[in-house]
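A.B. asks: After the structure tokens below, expect a handful of questions from me.
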Amino acid sequence: MGLHFVNLAKLHFRTIPQHLRSNDLSHMIPLSTFEPIWIDIVILITGAKGFVGQSLVPLLIEHGYKVRCLMQPESENGYLNNLTDKEIVFASIHDPSGLRKALIGVDTIVHLASAQCNGGWDELMEVDYKGTRELLSAANEMGIGRFIYPSHLGSGRTSAYPILKTKGVVEEFVRKSGIPYTIIRPS
């Protein structure tokens, strides 16, 4: 099994064969130079106003993807107002019928929404734990083709840190969901 590099703009993996692995990456072609291969898919982004979402949404649009941003009903669009070629759907992550409507025609979900910056255990349980379960349930019903979930290095059910514990439990939900998935654990 080779090292995997994921280019979110392409939403697939490139594997480096064993004989090419080394600390010298001068032979590598940056993944950003590849052209996207799936132009007709619709990607739903949760947490589009967050740190990663603010970079990912414009990048996907720039590469020709159809982007739908799931926003909480009480949210302000903020920077998203300045972007063209995006669709904004207002629905709570805790509203199953709203989630199903938001997922019509969607192939891939990039689930960035999290309460990790907003508080403690209660907020993590509400957004990360319960919200992700609702989203996975709706995604399963709607036949979503891929679920992309950014987690954390060190995530696990037995972690002493609430965010790592929550992310570890959510990773288990994602793995058991029956939906093809990619879990990203950045360092």
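In the structure tokens, each chain is lettered A, B, ... as it comes, each chain's residues begin at 1, and ligands are numbered from 1 in order of appearance.
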Which residues are close to stretch 126-132 of chain A, i.e. within 6 Å by only C-alpha atoms, leaving aside same-chain residues fewer than 6 positions away? Reply as a PyMOL selection string.

C.D. replies: chain A and resi 93-94+114-115

A.B. asks: Write out, as a PDB file, in the first residue's frame, the residues just selected, with N, CA and C atoms.

C.D. replies:
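Output file part.pdb follows:
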```pdb
ATOM      1  N   ILE A  93     -28.537  21.271  10.163  1.00  0.00           N
ATOM      2  CA  ILE A  93     -27.940  19.939  10.086  1.00  0.00           C
ATOM      3  C   ILE A  93     -28.747  18.938  10.917  1.00  0.00           C
ATOM      4  N   HIS A  94     -29.680  19.444  11.719  1.00  0.00           N
ATOM      5  CA  HIS A  94     -30.534  18.597  12.555  1.00  0.00           C
ATOM      6  C   HIS A  94     -31.931  18.414  11.961  1.00  0.00           C
ATOM      7  N   SER A 114     -18.190  21.901  12.129  1.00  0.00           N
ATOM      8  CA  SER A 114     -17.736  21.412  13.424  1.00  0.00           C
ATOM      9  C   SER A 114     -17.880  22.519  14.444  1.00  0.00           C
ATOM     10  N   ALA A 115     -18.001  22.135  15.701  1.00  0.00           N
ATOM     11  CA  ALA A 115     -18.093  23.105  16.793  1.00  0.00           C
ATOM     12  C   ALA A 115     -16.780  23.201  17.557  1.00  0.00           C
TER      13      ALA A 115
END
```

A.B. asks: Kindly provide the residues of stretch 119-138 of chain A that approach stretch 98-102 of chain A to within 10 Å, each paired with its closest atom pair and their distance in Å to one decimal, based on only C-alpha atoms, listed by chain and increasing number, as CSV.

C.D. replies:
```
residue,atom,partner,partner_atom,distance
A:Glu134,CA,A:Leu99,CA,8.2
A:Leu135,CA,A:Leu99,CA,6.8
A:Leu136,CA,A:Leu99,CA,9.8
A:Ser137,CA,A:Arg100,CA,9.4
A:Ala138,CA,A:Arg100,CA,5.6
```

A.B. asks: Which residues are near A:Lys176? Cut-off 12 Å, only C-alpha atoms, ignore same chain within fewer than 6 positions. Put them as a PyMOL selection string.

C.D. replies: chain A and resi 133+136-137+140+147+169-170

A.B. asks: Quick one: write out the picked residues with all heavy atoms as a CSV table (one decimal), in the first residue's frame?

C.D. replies:
```
chain,number,residue,atom,x,y,z
A,133,ARG,N,-24.3,12.5,12.4
A,133,ARG,CA,-25.2,11.3,12.3
A,133,ARG,C,-26.4,11.6,11.4
A,133,ARG,O,-26.8,10.8,10.6
A,133,ARG,CB,-25.6,10.8,13.7
A,133,ARG,CG,-24.5,10.1,14.4
A,133,ARG,CD,-25.0,9.4,15.6
A,133,ARG,NE,-25.6,8.2,15.3
A,133,ARG,CZ,-25.8,7.2,16.1
A,133,ARG,NH1,-25.4,7.3,17.3
A,133,ARG,NH2,-26.5,6.1,15.7
A,136,LEU,N,-25.2,11.8,7.8
A,136,LEU,CA,-24.9,10.5,7.2
A,136,LEU,C,-26.2,9.7,6.9
A,136,LEU,O,-26.2,9.0,5.9
A,136,LEU,CB,-24.0,9.7,8.2
A,136,LEU,CG,-22.5,10.1,8.2
A,136,LEU,CD1,-21.8,9.4,9.4
A,136,LEU,CD2,-21.8,9.7,6.9
A,137,SER,N,-27.1,9.8,7.8
A,137,SER,CA,-28.4,9.1,7.6
A,137,SER,C,-29.1,9.6,6.3
A,137,SER,O,-29.5,8.9,5.5
A,137,SER,CB,-29.3,9.3,8.8
A,137,SER,OG,-30.6,8.8,8.6
A,140,ASN,N,-27.1,8.6,3.2
A,140,ASN,CA,-27.3,7.2,2.9
A,140,ASN,C,-28.7,7.0,2.2
A,140,ASN,O,-28.8,6.3,1.2
A,140,ASN,CB,-27.3,6.3,4.2
A,140,ASN,CG,-26.8,5.0,3.9
A,140,ASN,OD1,-26.6,4.5,2.8
A,140,ASN,ND2,-26.5,4.3,5.0
A,147,PHE,N,-18.4,10.5,0.8
A,147,PHE,CA,-18.5,11.4,2.0
A,147,PHE,C,-17.0,11.7,2.4
A,147,PHE,O,-16.3,10.8,2.7
A,147,PHE,CB,-19.2,10.7,3.1
A,147,PHE,CG,-19.6,11.5,4.3
A,147,PHE,CD1,-20.8,12.2,4.3
A,147,PHE,CD2,-18.7,11.7,5.4
A,147,PHE,CE1,-21.1,13.0,5.4
A,147,PHE,CE2,-19.0,12.5,6.5
A,147,PHE,CZ,-20.3,13.2,6.5
A,169,VAL,N,-15.1,9.1,17.4
A,169,VAL,CA,-16.4,8.5,17.3
A,169,VAL,C,-17.1,8.7,16.0
A,169,VAL,O,-17.7,7.8,15.4
A,169,VAL,CB,-17.3,9.0,18.5
A,169,VAL,CG1,-18.7,8.5,18.3
A,169,VAL,CG2,-16.7,8.5,19.8
A,170,VAL,N,-17.0,10.0,15.5
A,170,VAL,CA,-17.6,10.3,14.2
A,170,VAL,C,-16.9,9.5,13.1
A,170,VAL,O,-17.6,9.1,12.1
A,170,VAL,CB,-17.5,11.8,14.0
A,170,VAL,CG1,-18.0,12.2,12.5
A,170,VAL,CG2,-18.4,12.6,15.0
```

A.B. asks: Excluding A:Phe51 and any residue of its chain fewer than 2 positions from it, enumerate the residues within 12 Å of it, using only C-alpha atoms, and give them as a PyMOL selection string.

C.D. replies: chain A and resi 46-49+53-57+79+112-114+116-117

A.B. asks: May I have all residues of stretch 38-164 of chain A that DSSP, computed from the backbone, assigns to helix (DSSP H, G or I), given as a ChimeraX atom specification?

C.D. replies: /A:53-62,78-82,96-102,121-142,162-164

A.B. asks: Could you save those same residues with C-alpha atoms as a tab-separated table (two decimals), in the first residue's frame?

C.D. replies:
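To be explicit, this is the file written out as part10.tsv:
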```tsv
chain	number	residue	atom	x	y	z
A	53	GLY	CA	-14.35	26.11	3.62
A	54	GLN	CA	-13.32	29.67	2.74
A	55	SER	CA	-10.45	28.25	0.70
A	56	LEU	CA	-12.09	25.10	-0.61
A	57	VAL	CA	-15.30	26.60	-2.04
A	58	PRO	CA	-13.54	29.09	-4.38
A	59	LEU	CA	-11.00	26.42	-5.39
A	60	LEU	CA	-13.71	23.96	-6.40
A	61	ILE	CA	-15.61	26.66	-8.31
A	62	GLU	CA	-12.38	27.70	-10.06
A	78	GLY	CA	-20.57	36.67	4.41
A	79	TYR	CA	-17.80	36.08	1.87
A	80	LEU	CA	-20.01	33.66	-0.10
A	81	ASN	CA	-21.96	36.65	-1.48
A	82	ASN	CA	-18.86	37.55	-3.50
A	96	PRO	CA	-33.70	15.46	8.20
A	97	SER	CA	-36.17	16.71	5.57
A	98	GLY	CA	-34.10	19.87	4.96
A	99	LEU	CA	-30.96	17.77	4.59
A	100	ARG	CA	-32.63	15.43	2.09
A	101	LYS	CA	-33.77	18.43	0.01
A	102	ALA	CA	-30.24	19.88	0.12
A	121	TRP	CA	-18.43	19.12	25.06
A	122	ASP	CA	-22.11	20.10	24.66
A	123	GLU	CA	-21.48	21.94	21.39
A	124	LEU	CA	-19.30	19.12	20.07
A	125	MET	CA	-22.04	16.60	20.84
A	126	GLU	CA	-24.69	18.76	19.17
A	127	VAL	CA	-22.86	19.61	15.93
A	128	ASP	CA	-20.12	17.03	15.42
A	129	TYR	CA	-21.81	13.97	16.91
A	130	LYS	CA	-25.56	14.42	16.36
A	131	GLY	CA	-25.26	16.61	13.27
A	132	THR	CA	-22.93	14.23	11.47
A	133	ARG	CA	-25.18	11.27	12.28
A	134	GLU	CA	-28.16	13.15	10.78
A	135	LEU	CA	-26.12	14.07	7.70
A	136	LEU	CA	-24.87	10.49	7.22
A	137	SER	CA	-28.41	9.14	7.57
A	138	ALA	CA	-29.75	11.55	4.96
A	139	ALA	CA	-26.75	10.90	2.69
A	140	ASN	CA	-27.34	7.16	2.89
A	141	GLU	CA	-31.03	7.59	2.00
A	142	MET	CA	-30.15	9.85	-0.94
A	162	PRO	CA	-13.04	16.14	23.78
A	163	ILE	CA	-12.42	17.15	20.15
A	164	LEU	CA	-10.24	14.10	19.45
```

A.B. asks: So the first atom is atom CA of A:Gly178 and the second is atom CA of A:Ala91; what is the distance between them in Å, to one decimal place?

C.D. replies: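 Computed distance, atom CA of A:Gly178 to atom CA of A:Ala91, equals 23.8 Å.
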